[in-house]
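Source file run23.txt; content: compact mmCIF, C-alpha atoms.
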# COMPACT_ATOMS: atom_id res chain seq x y z
CA MET A 1 65.41 105.75 47.77
CA LYS A 2 68.81 107.35 48.34
CA ARG A 3 67.66 110.44 46.53
CA GLY A 4 64.66 110.63 48.84
CA ILE A 5 66.90 110.60 51.90
CA TYR A 6 69.07 113.37 50.47
CA LEU A 7 66.05 115.50 49.69
CA ALA A 8 64.54 114.91 53.11
CA ALA A 9 67.82 115.85 54.80
CA ALA A 10 68.14 118.94 52.63
CA ALA A 11 64.59 119.97 53.51
CA ALA A 12 65.38 119.39 57.19
CA CYS A 13 68.40 121.68 56.78
CA ILE A 14 66.29 124.47 55.34
CA ALA A 15 63.90 124.17 58.27
CA GLY A 16 66.91 123.93 60.58
CA ILE A 17 68.40 127.14 59.23
CA ALA A 18 65.17 129.01 59.90
CA GLY A 19 64.85 127.47 63.36
CA THR A 20 68.45 128.14 64.32
CA LEU A 21 68.27 131.72 63.10
CA TYR A 22 65.17 132.17 65.23
CA LEU A 23 66.93 130.74 68.27
CA ILE A 24 70.02 132.86 67.69
CA PHE A 25 68.35 136.18 67.03
CA TYR A 26 65.11 136.01 69.03
CA ARG A 27 65.69 133.57 71.85
CA ALA A 28 69.33 133.85 72.86
CA PRO A 29 69.92 137.01 74.91
CA ILE A 30 72.18 139.80 73.74
CA ASP A 31 75.63 139.39 75.25
CA ARG A 32 76.39 141.98 77.90
CA LEU A 33 79.94 142.72 76.76
CA LEU A 34 79.93 142.00 73.08
CA LEU A 35 76.32 142.95 72.40
CA PHE A 36 75.14 141.92 68.98
CA ASN A 37 78.63 140.89 67.86
CA GLN A 38 78.41 137.76 69.95
CA LYS A 39 75.89 136.27 67.48
CA ILE A 40 78.70 135.29 65.12
CA PHE A 41 79.80 132.84 67.80
CA TYR A 42 77.06 130.35 66.90
CA TYR A 43 78.19 130.32 63.31
CA HIS A 44 81.91 130.39 64.01
CA VAL A 45 82.07 127.58 66.56
CA ALA A 46 79.85 125.23 64.57
CA ASN A 47 82.03 125.72 61.52
CA ALA A 48 85.21 125.26 63.55
CA TRP A 49 83.96 121.88 64.76
CA MET A 50 83.11 120.92 61.21
CA LEU A 51 86.64 121.91 60.21
CA GLY A 52 87.92 119.43 62.77
CA ALA A 53 85.48 116.78 61.53
CA ALA A 54 86.55 117.34 57.92
CA ILE A 55 90.26 117.04 58.72
CA ILE A 56 89.73 113.88 60.73
CA THR A 57 87.54 112.39 57.99
CA CYS A 58 90.22 113.21 55.46
CA GLY A 59 93.00 111.72 57.58
CA VAL A 60 91.16 108.51 58.40
CA SER A 61 90.00 107.88 54.86
CA SER A 62 93.51 108.65 53.53
CA LEU A 63 94.82 106.01 55.89
CA LEU A 64 92.18 103.54 54.74
CA TYR A 65 92.94 104.36 51.14
CA LEU A 66 96.64 103.67 51.54
CA ARG A 67 95.80 100.43 53.30
CA THR A 68 93.09 99.07 51.03
CA ARG A 69 93.54 100.99 47.75
CA GLN A 70 89.79 101.21 47.35
CA GLY A 71 88.66 104.20 45.33
CA ARG A 72 85.75 105.01 47.61
CA HIS A 73 88.06 105.90 50.50
CA ASP A 74 89.91 108.22 48.19
CA ASP A 75 86.69 109.88 47.06
CA LEU A 76 85.73 110.48 50.67
CA ALA A 77 89.17 111.89 51.50
CA ARG A 78 88.97 114.18 48.53
CA ALA A 79 85.54 115.48 49.46
CA ALA A 80 86.56 116.01 53.08
CA GLY A 81 89.82 117.72 52.08
CA GLU A 82 88.03 120.27 49.97
CA LEU A 83 85.41 120.85 52.64
CA ALA A 84 88.18 121.38 55.19
CA VAL A 85 89.56 124.21 53.04
CA LEU A 86 86.09 125.75 52.81
CA TYR A 87 85.38 125.46 56.54
CA GLY A 88 88.87 126.68 57.38
CA ALA A 89 88.33 129.81 55.33
CA ILE A 90 84.98 130.44 57.03
CA VAL A 91 86.47 129.83 60.48
CA LEU A 92 89.41 132.16 59.90
CA VAL A 93 87.25 134.96 58.50
CA THR A 94 84.51 134.77 61.13
CA GLY A 95 87.16 134.31 63.82
CA SER A 96 88.88 137.51 62.72
CA ILE A 97 85.60 139.41 62.85
CA TRP A 98 84.94 138.02 66.32
CA GLY A 99 88.47 138.92 67.40
CA LYS A 100 88.09 142.47 66.14
CA ALA A 101 84.87 142.85 68.13
CA ALA A 102 86.11 141.12 71.28
CA TRP A 103 89.75 142.13 71.52
CA ASP A 104 89.82 144.98 68.98
CA ILE A 105 92.41 143.14 66.94
CA TRP A 106 91.97 141.17 63.72
CA TRP A 107 94.58 138.57 64.34
CA ASP A 108 96.42 137.29 67.35
CA TRP A 109 99.04 134.53 67.46
CA ASP A 110 97.03 132.59 69.98
CA ALA A 111 97.44 128.80 70.07
CA ARG A 112 94.04 128.02 68.63
CA LEU A 113 94.21 130.63 65.91
CA THR A 114 97.67 129.57 64.86
CA THR A 115 96.76 125.89 64.89
CA SER A 116 93.67 126.53 62.75
CA LEU A 117 95.72 128.60 60.34
CA LEU A 118 98.41 125.94 59.98
CA LEU A 119 95.94 123.10 59.57
CA TRP A 120 94.09 125.14 56.99
CA MET A 121 97.33 125.76 55.11
CA THR A 122 98.09 122.04 55.19
CA MET A 123 94.68 121.30 53.71
CA VAL A 124 95.19 123.96 51.04
CA GLY A 125 98.42 122.11 50.19
CA TYR A 126 96.42 118.90 50.05
CA VAL A 127 93.96 120.37 47.56
CA LEU A 128 96.80 121.91 45.52
CA VAL A 129 98.46 118.50 45.26
CA ARG A 130 95.22 116.95 44.08
CA GLN A 131 94.68 119.75 41.61
CA TYR A 132 98.14 120.05 40.11
CA GLY A 133 99.76 116.76 41.04
CA GLY A 134 98.79 115.06 37.80
CA PRO A 135 98.41 111.29 37.54
CA GLY A 136 99.01 109.42 40.77
CA SER A 137 98.23 112.49 42.85
CA GLU A 138 95.66 110.60 44.90
CA ARG A 139 98.39 108.54 46.53
CA MET A 140 100.50 111.60 47.25
CA ALA A 141 97.49 113.34 48.68
CA ALA A 142 96.70 110.34 50.85
CA GLY A 143 100.26 110.36 52.17
CA LEU A 144 99.95 114.05 52.90
CA GLY A 145 96.61 113.43 54.62
CA VAL A 146 98.25 110.91 56.95
CA PHE A 147 101.11 113.29 57.70
CA ALA A 148 98.70 116.13 58.38
CA THR A 149 96.81 113.99 60.87
CA VAL A 150 99.99 112.97 62.68
CA ASN A 151 100.94 116.62 62.75
CA ILE A 152 97.78 117.92 64.45
CA PRO A 153 98.79 117.25 68.08
CA LEU A 154 102.37 118.34 67.41
CA VAL A 155 101.25 121.64 65.93
CA TYR A 156 98.83 122.37 68.74
CA PHE A 157 101.30 121.44 71.44
CA SER A 158 104.26 123.33 69.99
CA VAL A 159 102.24 126.45 69.26
CA LYS A 160 100.73 126.36 72.71
CA ILE A 161 104.08 126.16 74.46
CA TRP A 162 105.50 128.73 72.07
CA ARG A 163 102.74 131.10 73.18
CA THR A 164 102.77 130.44 76.91
CA LEU A 165 105.76 132.73 77.09
CA HIS A 166 103.24 135.49 76.42
CA PRO A 167 100.05 134.47 78.23
CA GLN A 168 96.78 135.67 76.84
CA THR A 169 93.37 135.76 78.43
CA SER A 170 90.47 134.99 76.20
CA VAL A 171 86.83 135.84 76.55
CA VAL A 172 84.88 132.64 76.22
CA PRO A 173 81.42 133.20 77.59
CA GLY A 174 79.96 130.46 79.76
CA LEU A 175 76.88 129.36 77.93
CA GLN A 176 73.56 129.40 79.70
CA GLY A 177 70.00 128.46 78.83
CA SER A 178 68.87 129.80 75.51
CA MET A 179 72.40 130.55 74.36
CA ARG A 180 73.21 126.92 74.82
CA ALA A 181 70.12 125.89 72.86
CA ALA A 182 71.04 128.17 69.97
CA MET A 183 74.60 126.87 70.03
CA TRP A 184 73.69 123.18 69.92
CA SER A 185 71.01 123.72 67.34
CA SER A 186 73.59 125.45 65.19
CA VAL A 187 76.12 122.67 65.66
CA ALA A 188 73.54 120.00 64.80
CA LEU A 189 72.48 121.92 61.71
CA PHE A 190 76.01 122.31 60.47
CA ALA A 191 76.80 118.67 61.17
CA VAL A 192 73.91 117.56 58.97
CA LEU A 193 74.95 120.07 56.32
CA TYR A 194 78.52 118.78 56.51
CA VAL A 195 77.42 115.21 55.90
CA LEU A 196 75.24 116.33 52.99
CA PHE A 197 78.06 118.33 51.40
CA LEU A 198 80.42 115.45 51.95
CA LEU A 199 78.11 112.94 50.29
CA ALA A 200 77.36 115.27 47.40
CA ARG A 201 81.04 116.00 46.75
CA MET A 202 81.89 112.35 47.13
CA ARG A 203 79.38 111.38 44.46
CA VAL A 204 80.93 113.89 42.06
CA ALA A 205 84.38 112.44 42.81
CA GLN A 206 83.03 108.95 42.27
CA GLY A 207 81.57 109.98 38.93
CA GLU A 208 84.85 111.54 37.87
CA ARG A 209 86.77 108.46 38.80
CA ARG A 210 84.40 106.15 36.94
CA LEU A 211 84.52 108.39 33.91
CA SER A 212 88.31 108.30 33.77
CA GLU A 213 88.31 104.53 34.30
CA LEU A 214 85.84 104.10 31.46
CA ARG A 215 87.87 106.38 29.27
CA GLU A 216 90.94 104.28 29.89
CA GLN A 217 89.05 101.09 29.12
CA ALA A 218 87.75 102.62 25.93
CA LEU A 219 91.26 103.69 24.98
CA ASP A 220 92.52 100.18 25.59
CA ALA A 221 89.73 98.73 23.51
CA GLY A 222 90.47 101.19 20.74
CA LEU A 223 87.00 102.69 20.83
CA ILE A 224 88.22 106.26 21.15
CA GLU A 225 91.35 108.02 20.06
CA MET B 1 122.66 94.08 60.28
CA ASP B 2 121.89 93.51 56.62
CA PHE B 3 119.34 96.25 56.87
CA LEU B 4 121.90 98.76 58.05
CA ARG B 5 124.23 97.71 55.27
CA HIS B 6 121.52 98.42 52.71
CA VAL B 7 120.85 101.81 54.26
CA THR B 8 124.49 102.84 54.18
CA THR B 9 124.96 101.51 50.65
CA ILE B 10 122.18 103.68 49.33
CA ALA B 11 123.22 106.73 51.33
CA TRP B 12 126.81 106.29 50.22
CA LYS B 13 125.75 105.90 46.58
CA ASP B 14 123.88 109.21 46.74
CA LEU B 15 126.77 110.96 48.43
CA ARG B 16 129.29 109.59 45.98
CA VAL B 17 127.25 110.85 43.03
CA GLU B 18 127.06 114.21 44.74
CA LEU B 19 130.74 114.38 45.64
CA ARG B 20 131.73 113.57 42.09
CA SER B 21 129.41 116.01 40.40
CA ARG B 22 129.14 118.58 43.21
CA GLU B 23 125.91 119.69 41.62
CA ILE B 24 123.98 120.68 44.67
CA LEU B 25 126.26 120.87 47.67
CA PHE B 26 128.03 124.08 46.69
CA ASN B 27 124.82 125.66 45.48
CA MET B 28 123.01 124.71 48.68
CA ALA B 29 125.78 126.10 50.86
CA PHE B 30 126.08 129.31 48.89
CA PHE B 31 122.33 129.76 48.86
CA ALA B 32 122.15 129.25 52.63
CA ALA B 33 124.92 131.82 53.19
CA MET B 34 123.13 134.26 50.91
CA VAL B 35 119.87 133.82 52.82
CA VAL B 36 121.66 134.61 56.08
CA ILE B 37 123.15 137.75 54.60
CA LEU B 38 119.84 138.89 53.11
CA PHE B 39 118.11 138.34 56.42
CA SER B 40 120.68 140.39 58.24
CA PHE B 41 119.91 143.33 55.94
CA ALA B 42 116.23 142.88 56.68
CA PHE B 43 116.19 142.35 60.43
CA LEU B 44 119.43 143.32 62.11
CA LYS B 45 119.14 146.46 64.17
CA GLU B 46 121.36 148.08 66.69
CA GLY B 47 119.90 147.30 70.08
CA LYS B 48 119.78 149.84 72.87
CA ASP B 49 120.63 147.37 75.59
CA GLY B 50 123.55 145.54 74.03
CA ALA B 51 123.73 143.58 70.80
CA MET B 52 123.40 140.14 72.44
CA VAL B 53 119.68 140.37 73.07
CA VAL B 54 118.98 141.27 69.49
CA VAL B 55 121.16 138.45 68.26
CA ALA B 56 119.43 135.91 70.50
CA GLU B 57 116.11 136.99 69.02
CA VAL B 58 117.00 136.79 65.36
CA ALA B 59 120.00 134.49 64.94
CA PRO B 60 118.08 131.20 65.45
CA GLY B 61 115.62 132.30 62.80
CA PHE B 62 118.44 133.12 60.37
CA LEU B 63 120.04 129.75 60.97
CA TRP B 64 116.99 127.55 60.56
CA ILE B 65 115.35 129.40 57.69
CA ALA B 66 118.64 129.26 55.78
CA VAL B 67 118.96 125.53 56.50
CA LEU B 68 115.35 124.77 55.64
CA PHE B 69 115.38 126.71 52.37
CA SER B 70 118.65 125.22 51.20
CA ALA B 71 117.49 121.72 52.19
CA THR B 72 114.46 122.15 49.93
CA LEU B 73 116.85 122.59 47.00
CA GLY B 74 118.71 119.42 47.91
CA MET B 75 115.80 117.09 48.58
CA ALA B 76 114.11 117.66 45.22
CA ARG B 77 117.42 116.92 43.49
CA ALA B 78 118.03 113.66 45.33
CA PHE B 79 115.02 112.08 43.64
CA ASP B 80 115.33 114.04 40.41
CA ARG B 81 118.47 112.09 39.62
CA GLU B 82 116.68 108.79 40.01
CA ARG B 83 113.93 109.98 37.74
CA GLU B 84 116.13 111.45 35.03
CA SER B 85 118.14 108.30 34.54
CA ASP B 86 115.16 106.09 35.39
CA THR B 87 117.09 104.32 38.11
CA MET B 88 114.27 104.38 40.66
CA ARG B 89 112.89 101.18 39.18
CA GLY B 90 116.29 99.58 39.61
CA LEU B 91 116.35 100.59 43.25
CA LEU B 92 112.82 99.32 43.80
CA ILE B 93 113.49 95.88 42.36
CA SER B 94 116.82 95.53 44.14
CA PRO B 95 116.78 93.13 47.11
CA ALA B 96 117.03 96.05 49.56
CA PRO B 97 113.83 96.43 51.58
CA ARG B 98 111.80 99.56 50.83
CA ALA B 99 112.33 100.85 54.36
CA ALA B 100 116.10 100.62 53.88
CA LEU B 101 115.79 102.39 50.56
CA PHE B 102 113.92 105.22 52.17
CA LEU B 103 116.22 105.50 55.18
CA GLY B 104 119.22 105.47 52.86
CA LYS B 105 117.81 108.35 50.86
CA ALA B 106 117.02 110.26 54.04
CA ALA B 107 120.51 109.56 55.43
CA GLY B 108 122.06 110.92 52.24
CA LEU B 109 120.04 114.08 52.57
CA PHE B 110 120.96 114.27 56.25
CA VAL B 111 124.68 114.25 55.46
CA LEU B 112 124.21 116.83 52.73
CA MET B 113 122.34 119.10 55.12
CA ALA B 114 124.97 118.55 57.79
CA MET B 115 127.63 119.77 55.36
CA VAL B 116 125.60 122.91 54.70
CA GLU B 117 125.16 123.42 58.43
CA ALA B 118 128.91 123.09 58.86
CA VAL B 119 129.08 126.28 56.81
CA VAL B 120 126.05 128.15 58.13
CA VAL B 121 126.52 127.62 61.87
CA PRO B 122 130.07 129.05 61.97
CA LEU B 123 128.90 131.80 59.63
CA ILE B 124 126.25 132.89 62.09
CA TRP B 125 128.70 132.68 64.96
CA PHE B 126 131.14 134.77 62.90
CA PHE B 127 128.74 137.44 61.61
CA PHE B 128 126.59 137.98 64.67
CA ALA B 129 128.89 136.88 67.48
CA ALA B 130 126.14 134.46 68.49
CA PRO B 131 127.41 132.09 71.22
CA LEU B 132 126.16 128.99 69.42
CA PHE B 133 128.92 126.88 70.88
CA ALA B 134 128.14 127.83 74.47
CA GLU B 135 126.43 124.49 75.09
CA PRO B 136 127.93 122.09 72.59
CA VAL B 137 125.92 119.04 73.67
CA ALA B 138 122.54 120.74 73.52
CA MET B 139 123.34 122.54 70.30
CA THR B 140 124.54 119.35 68.64
CA ALA B 141 121.39 117.56 69.77
CA ILE B 142 119.23 120.32 68.28
CA ILE B 143 121.12 120.30 65.01
CA VAL B 144 121.09 116.53 64.66
CA LEU B 145 117.40 116.12 65.56
CA THR B 146 116.19 119.00 63.41
CA THR B 147 118.24 117.87 60.44
CA ALA B 148 116.97 114.32 60.86
CA GLY B 149 113.36 115.53 60.98
CA VAL B 150 113.72 117.66 57.84
CA ALA B 151 115.54 114.84 56.04
CA VAL B 152 112.88 112.25 56.90
CA VAL B 153 109.80 114.30 56.08
CA GLY B 154 111.48 115.91 53.09
CA SER B 155 112.50 112.57 51.60
CA VAL B 156 108.96 111.21 51.78
CA PHE B 157 107.48 114.26 50.10
CA ALA B 158 110.21 114.48 47.48
CA ALA B 159 109.64 110.79 46.71
CA MET B 160 105.90 111.36 46.47
CA LEU B 161 106.31 114.26 44.08
CA MET B 162 109.01 112.58 42.01
CA ARG B 163 106.78 111.98 39.01
CA THR B 164 104.83 115.19 39.17
CA ARG B 165 105.35 117.98 36.73
CA ALA B 166 104.86 120.81 39.22
CA ARG B 167 107.08 119.17 41.87
CA ASP B 168 109.39 122.14 42.41
CA VAL B 169 106.45 124.33 43.26
CA LEU B 170 104.46 121.76 45.22
CA LEU B 171 107.27 120.53 47.45
CA PRO B 172 107.56 123.61 49.67
CA VAL B 173 103.80 124.09 49.59
CA ILE B 174 103.12 120.75 51.25
CA LEU B 175 106.35 120.43 53.19
CA TYR B 176 106.48 123.66 55.18
CA PRO B 177 103.14 123.39 57.00
CA ILE B 178 104.14 119.92 58.21
CA LEU B 179 107.56 121.18 59.33
CA VAL B 180 106.24 124.09 61.39
CA PRO B 181 106.35 122.32 64.79
CA LEU B 182 109.91 121.20 64.07
CA PHE B 183 110.80 124.70 63.05
CA ILE B 184 109.34 126.25 66.20
CA ALA B 185 111.20 123.72 68.34
CA ALA B 186 114.52 124.30 66.56
CA ILE B 187 114.25 128.07 66.86
CA LYS B 188 113.13 128.05 70.49
CA GLY B 189 115.76 125.49 71.42
CA THR B 190 118.53 127.46 69.73
CA SER B 191 117.48 130.70 71.34
CA GLY B 192 117.52 128.83 74.65
CA VAL B 193 121.17 128.04 73.97
CA LEU B 194 121.90 131.65 73.07
CA VAL B 195 120.35 133.16 76.19
CA GLY B 196 121.50 130.30 78.43
CA GLU B 197 118.11 128.91 79.42
CA THR B 198 119.02 125.26 79.75
CA GLU B 199 115.58 124.09 80.80
CA GLN B 200 113.89 125.60 77.76
CA THR B 201 116.53 124.13 75.49
CA TRP B 202 116.11 120.59 76.81
CA PHE B 203 112.36 120.83 76.70
CA TRP B 204 112.52 121.54 72.98
CA ILE B 205 115.09 118.83 72.43
CA ARG B 206 112.64 116.34 73.91
CA PHE B 207 109.94 117.77 71.68
CA LEU B 208 112.18 117.30 68.64
CA LEU B 209 112.65 113.68 69.66
CA VAL B 210 108.91 113.13 69.81
CA TYR B 211 108.44 114.84 66.46
CA ASP B 212 111.19 112.85 64.79
CA SER B 213 110.01 109.51 66.08
CA SER B 214 106.38 110.20 65.07
CA PHE B 215 107.38 111.07 61.55
CA VAL B 216 109.90 108.27 61.13
CA VAL B 217 107.04 105.88 61.87
CA ALA B 218 104.63 107.73 59.58
CA ALA B 219 107.28 107.91 56.84
CA LEU B 220 108.21 104.24 56.98
CA TRP B 221 104.55 103.41 56.89
CA THR B 222 103.62 105.62 53.93
CA PHE B 223 106.80 105.51 51.85
CA GLU B 224 106.16 102.07 50.47
CA SER B 225 102.64 102.85 49.35
CA VAL B 226 103.44 106.23 47.81
CA VAL B 227 106.42 105.26 45.66
CA ILE B 228 105.20 101.98 44.14
CA GLU B 229 104.24 102.43 40.53

Could you render the structure as structure tokens?
Amino acid sequence: MKRGIYLAAAAACIAGIAGTLYLIFYRAPIDRLLLFNQKIFYYHVANAWMLGAAIITCGVSSLLYLRTRQGRHDDLARAAGELAVLYGAIVLVTGSIWGKAAWDIWWDWDARLTTSLLLWMTMVGYVLVRQYGGPGSERMAAGLGVFATVNIPLVYFSVKIWRTLHPQTSVVPGLQGSMRAAMWSSVALFAVLYVLFLLARMRVAQGERRLSELREQALDAGLIE
Amino acid sequence: MDFLRHVTTIAWKDLRVELRSREILFNMAFFAAMVVILFSFAFLKEGKDGAMVVVAEVAPGFLWIAVLFSATLGMARAFDRERESDTMRGLLISPAPRAALFLGKAAGLFVLMAMVEAVVVPLIWFFFAAPLFAEPVAMTAIIVLTTAGVAVVGSVFAAMLMRTRARDVLLPVILYPILVPLFIAAIKGTSGVLVGETEQTWFWIRFLLVYDSSFVVAALWTFESVVIE
């Protein structure tokens, strides 16, 4: 039953990718200023939102984990944390390409860019702790997840004020008609993909946790060395 | 009242151990001074329009990077001691509440950092003729709030990593991204003092207050669940 739902959602994603690509490349008009370069927007923005979703998922489930100590919250936090690193990397790379096309510069210390970079670095730290923290790292990681969530508004606010000393205009096109359709279709597609990735990664984490629990039980029972 | 007594007992215990062994304080202070000197080789240039402008741009960075880096040395050590002699368990089963335990540890680190700052701040004033004492109230507020923020967040993370093998490497990796807003505020506030922009300075002091109070709450809330064995 569950498997069927996964497969159906995955099939919907494949259809969604084809449909969204059609909307982006055949329906949405070519941008007047940025020409073909603007097409990366549909990919970039959808991934940026998923980055936000992943960080929030990670923070909330870390909080729940610290509160309840139930392994499933930890599995979810772990899956979301790793996805946040993935999405962050995509967002930073596609954002740089977009920046090069729009402002002829790869990187700019704009509030949003800097915030994304810092949040991404925090999530990389989160994954590093999980990877190299050794036993008990899930609690450390959960603590870090909570701190990262508390930090989000502070980072955005401080970076924003820090930058207002050097104001910067940005080119965010107002979305009309078919551009809007392509955009929302892309966001919906990536949201479904995000949930699928999250569930898939979570199941792996669950399996790993059960395996190590079983191993410990077996060790206690003297079944294995 | 009892709570405060517990806090001071633990902070005083840490400081007494440190003052007797002097393991980290001298190293921290020397390291911080060395960082300042290295930075001055890297970034100090002769300005065309008077040296003051240049100093106002770089001196806050020198100060806070030196403090932050040296604090990282100290905070790992504060919990290392408890681990090496396995005294953390003793602290945890003592009648002191966990929150007091944590605040005591953070207070100890705060005092240690303050001692380092007592060296670094005059050093920067001396080397770069930076008018750090132009607004004593604002500057003291910045120093106290920034030090408190670093001590609080640093103590939680050092406690978290206490039992990890790679703790020396992981501590800065997870600590620095969280400290960035604090760092921006400290640097901007200090440069406000140096160039005499009172409004900017007080804005960042208020920001530091918000930062500190958010993380004191987060720290008190998470500390208990991350240190229990």

Fill in: One-decimal distance in Å that lies between atom CA of A:Trp120 and atom CA of A:Ile55
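It comes out at 9.1 Å.
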
Considering all atoms listed in the file, tabulate each residue of chain A that lies at most 6 Å from chain B along with its nearest interatomic pair and the corresponding distance in Å to one decimal; arrange the rows by chain and ascending residue number and present them as CSV.
residue,atom,partner,partner_atom,distance
A:Thr122,CA,B:Pro177,CA,5.5
A:Gly125,CA,B:Ile174,CA,5.0
A:Gly133,CA,B:Thr164,CA,5.6
A:Arg139,CA,B:Val226,CA,5.7
A:Met140,CA,B:Met160,CA,5.5
A:Val155,CA,B:Pro181,CA,5.3
A:Ser158,CA,B:Pro181,CA,5.7

For stretch 59-75 of chain B, list every protein, DNA or RNA residue within 6 Å, evaluated using all atoms listed in the file, and leave out those in the same chain fewer than 3 positions away; present the list as a tab-separated table (two decimals) with C-alpha atoms, keeping the file's coordinate frame.
chain	number	residue	atom	x	y	z
B	28	MET	CA	123.01	124.71	48.68
B	32	ALA	CA	122.15	129.25	52.63
B	35	VAL	CA	119.87	133.82	52.82
B	36	VAL	CA	121.66	134.61	56.08
B	55	VAL	CA	121.16	138.45	68.26
B	56	ALA	CA	119.43	135.91	70.50
B	78	ALA	CA	118.03	113.66	45.33
B	187	ILE	CA	114.25	128.07	66.86
B	190	THR	CA	118.53	127.46	69.73
B	191	SER	CA	117.48	130.70	71.34

Practice prompt. For atom CA of B:Ile143 and atom CA of B:Gly108, quote the distance in Å rounded to one decimal.
Written response: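 Atom-to-atom, atom CA of B:Ile143 and atom CA of B:Gly108 are spaced 15.9 Å apart.
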
Practice prompt. Please indicate the distance in Å from atom CA of B:Ser94 to atom CA of B:Glu18, rounded to one decimal place.
Written response: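 That distance, rounded to one decimal, is 21.3 Å.
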
So that I can check the surroundings of A:Thr149, please list as a compact mmCIF listing (two decimals) with C-alpha atoms, in the frame of the given file every protein, DNA and RNA residue that reaches within 12 Å of it, counting all atoms listed in the file and ignoring chain neighbours fewer than 2 positions away.
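To be explicit, this is the file written out as out-v2.txt:
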# COMPACT_ATOMS: atom_id res chain seq x y z
CA GLY A 52 87.92 119.43 62.77
CA ALA A 53 85.48 116.78 61.53
CA ALA A 54 86.55 117.34 57.92
CA ILE A 55 90.26 117.04 58.72
CA ILE A 56 89.73 113.88 60.73
CA THR A 57 87.54 112.39 57.99
CA CYS A 58 90.22 113.21 55.46
CA GLY A 59 93.00 111.72 57.58
CA VAL A 60 91.16 108.51 58.40
CA SER A 61 90.00 107.88 54.86
CA SER A 62 93.51 108.65 53.53
CA LEU A 63 94.82 106.01 55.89
CA GLY A 81 89.82 117.72 52.08
CA LEU A 119 95.94 123.10 59.57
CA THR A 122 98.09 122.04 55.19
CA MET A 123 94.68 121.30 53.71
CA TYR A 126 96.42 118.90 50.05
CA ALA A 142 96.70 110.34 50.85
CA GLY A 143 100.26 110.36 52.17
CA LEU A 144 99.95 114.05 52.90
CA GLY A 145 96.61 113.43 54.62
CA VAL A 146 98.25 110.91 56.95
CA PHE A 147 101.11 113.29 57.70
CA ASN A 151 100.94 116.62 62.75
CA ILE A 152 97.78 117.92 64.45
CA PRO A 153 98.79 117.25 68.08
CA LEU A 154 102.37 118.34 67.41
CA VAL A 155 101.25 121.64 65.93
CA TYR A 156 98.83 122.37 68.74
CA PRO B 177 103.14 123.39 57.00
CA ILE B 178 104.14 119.92 58.21
CA SER B 214 106.38 110.20 65.07
CA PHE B 215 107.38 111.07 61.55
CA ALA B 218 104.63 107.73 59.58

Practice prompt. With a distance cut-off of 9 Å and all atoms listed in the file, select the neighbouring residues of B:Val193, excluding the residue or stretch itself and same-chain residues fewer than 2 positions from it, and output the selection as a VMD selection string.
Written response: chain B and resid 56 131 to 135 138 to 139 188 to 191 195 to 198 200 to 201

Discussion item. Set the distance at 6 Å and use only C-alpha atoms: which residues neighbour stretch 187-202 of chain A once local chain neighbours fewer than 2 positions away are removed? I'd like the list as a list in words.
Written reply: Ala46, Asp75, Leu76, Ala79, Trp184, Ser185, Val204 and Ala205 of chain A

Worksheet entry | Surrounding residues of A:Gly71 excluding itself and chain neighbours under 5 positions, 9 Å, only C-alpha atoms, as a PyMOL selection string | chain A and resi 65+76+206+209

Since we have the selection now, will you write its residues out, keeping C-alpha atoms, as an mmCIF file, in the coordinates of the input?
data_model
loop_
_atom_site.group_PDB
_atom_site.id
_atom_site.type_symbol
_atom_site.label_atom_id
_atom_site.label_comp_id
_atom_site.auth_asym_id
_atom_site.auth_seq_id
_atom_site.Cartn_x
_atom_site.Cartn_y
_atom_site.Cartn_z
ATOM 1 C CA TYR A 65 92.940 104.360 51.140
ATOM 2 C CA LEU A 76 85.730 110.480 50.670
ATOM 3 C CA GLN A 206 83.030 108.950 42.270
ATOM 4 C CA ARG A 209 86.770 108.460 38.800
#

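Taking all atoms listed in the file into account, A:Thr115 lies nearest to A:Lys160 out of the set A:Ser137, A:Ala89, A:Lys160, A:Glu82.
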
Counting all atoms listed in the file, select every polymer residue within 10 Å of (109.8, 101.2, 39.2) as defined in the file's coordinates, and provide the selection as a JSON list (two decimals) with C-alpha atoms, keeping the file's coordinate frame.
[["chain", "number", "residue", "atom", "x", "y", "z"],
["B", 83, "ARG", "CA", 113.93, 109.98, 37.74],
["B", 86, "ASP", "CA", 115.16, 106.09, 35.39],
["B", 87, "THR", "CA", 117.09, 104.32, 38.11],
["B", 88, "MET", "CA", 114.27, 104.38, 40.66],
["B", 89, "ARG", "CA", 112.89, 101.18, 39.18],
["B", 90, "GLY", "CA", 116.29, 99.58, 39.61],
["B", 91, "LEU", "CA", 116.35, 100.59, 43.25],
["B", 92, "LEU", "CA", 112.82, 99.32, 43.80],
["B", 93, "ILE", "CA", 113.49, 95.88, 42.36],
["B", 227, "VAL", "CA", 106.42, 105.26, 45.66],
["B", 228, "ILE", "CA", 105.20, 101.98, 44.14],
["B", 229, "GLU", "CA", 104.24, 102.43, 40.53]]
